[in-house]
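Input: a single structure, listed below in structure tokens.
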Amino acid sequence: MLQTRTPLQLSSVVISWRWDTSTVLVIALLGLAYAACFLKGRQRGEQLPVSRALYFGLAGLGVWLYTGVGMIGVYSDTLFWVRALQVLLLLYLVPFALAAGAPFTVLRAALGPAGRKRLDAMLSGSVARLLTHPATASMLILLLPWALFLSPWYESVLRHGGVDAVTRIIVVAIGFLYFYSRLQIDPVPKHFTQGLSLLITIAESLADGILGIVLWLGPLVAAGYYGSLGRTWGPDARLDQTIGAGILWLLGDFLGLIYSLVVMRAFAADEKRRAREIDAELDAAEAARTRRKAVSRTATRDGEADDEPVSTGLWWENDPQLRERFRR
């Protein structure tokens with residue numbers, strides 16, 4: 001790949017751009033498909049909040065596009081810390097926003113009865129159950145950064161544009177799988193408690209911190225590649241990797257904290273919903289008991305009116321002589 005020789009400056013955030021065919025193509029296809037389904041669903045009378053489209057389009061696709069064609073994409077092959085920032089955004093922020101856009105709900109709203117039935121069958125099938133299981137999605141998002149930065153995969157990403165493009169799509173896909181299965185805004189094969197999501201988020205924060213320490217104190221990654229660039233500006237290789245380790249650790253924890261707040265809010269909403277369901281069940285049970293008592297009293301009155309004795313209590317209590325004798 002071609003690396004930039006222009007020093008990175010603050011103004012590079014707005015003046016540094018490049019063309020990235022794979023990113024532009026994928027985002028254009030996803031954006032057009034989402035917009036078409038969203039508009040068709042609204043025409044069908046489905047309740048699709050505009051906020052969902054803003055999450056998906058601006059926060060999701062917009063950030064994804066900038067990581068490919070903006071400053072982050074321009075310098076991702078030159079500085080380790082920029083690549084670390086790119087991976088972090090594509091693994092956490094972009095997928096979170098895409099999942100918050102409820103794409104499967106929007107797609108379902110645009111389909112007819114037959115299409116909805118097929119989509120529901122796919123989302124409830126055995127493959128979907130396996131992929132969205134907490135163990136599967138969590139393990140993938142935990143192991144991906146370790147496998148990427150601490151294996152030859154990382155240098156292949158830096159040297160080969162095709163590997164880079166495919167890797168970034170894989171990163172977004174794994175992140176989306178995780179947040180889709182944990183946010184549970186869209187239809188999912190099985191609902192899991194948000195308390196489990198909170199525990200997984202804590203584990204992820206610890207894993208990000210450990211990876212940051214390993215990169216901070218460990219050997220340089222892709223040292224041959226970065227040494228061949230001949231870069232004479234910016235931080236040296238060790239400081240560059242240290243900054244990247246700090247980004248993965250601190251910024252990763254910050255994004256995890258934001259997600260934890262969302263999870264805790266969802267957890268509180270789940271608890272309120274369960275409390276309402278339990279209250280409704282108790283109310284229904286109480287109403288059923290009241291109805292049974294009313295029927296019993298009515299039957300008792302009807303029996304007295306017909307001079308038919310109603311047997312209640314012990315057998316001898318229904319005999320007049322024995323009842324009077326025991327009362328003495």
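Each chain of the structure tokens is named A, B, ... in the order shown, its residues numbered from 1; ligands are numbered from 1 in display order.
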
Open item on the list: Give me the residues near A:Trp216 as a ChimeraX atom specification, where near means some atom within 6 Å (using only C-alpha atoms) and where sequence neighbours in that chain fewer than 4 positions away do not count.
Closed with: /A:212,242,245

Please, could you write that set of residues out with N, CA, C and O atoms as a tab-separated table (two decimals), in the first residue's frame?
```tsv
chain	number	residue	atom	x	y	z
A	212	GLY	N	-3.37	-3.78	26.15
A	212	GLY	CA	-2.62	-2.53	26.16
A	212	GLY	C	-1.29	-2.66	26.87
A	212	GLY	O	-0.27	-2.14	26.41
A	242	THR	N	3.43	2.70	22.09
A	242	THR	CA	2.95	3.00	23.44
A	242	THR	C	1.67	3.83	23.38
A	242	THR	O	0.72	3.58	24.14
A	245	ALA	N	-1.08	1.55	22.39
A	245	ALA	CA	-1.49	0.71	23.52
A	245	ALA	C	-2.39	1.49	24.46
A	245	ALA	O	-3.38	0.96	24.98
```

TODO: Would you list, as a PyMOL selection string, the residues of stretch 33-139 of chain A that end up in alpha helix (DSSP H) under DSSP run on this structure's backbone?
DONE: chain A and resi 33-43+50-54+63-69+71-75+80-88+94-100+103-110+113-123+126-131+134-139

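In terms of minimum interatomic distance to A:Ala207, A:Met139 ranks closest within A:Ala84, A:Ala284, A:Met139, A:Val295, counting only C-alpha atoms.
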
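Remark: for A:Gln47, the closest of the candidate residues A:Val106, A:Ala28, A:Ala33, A:Ile213 is A:Val106 (distances computed over only C-alpha atoms).
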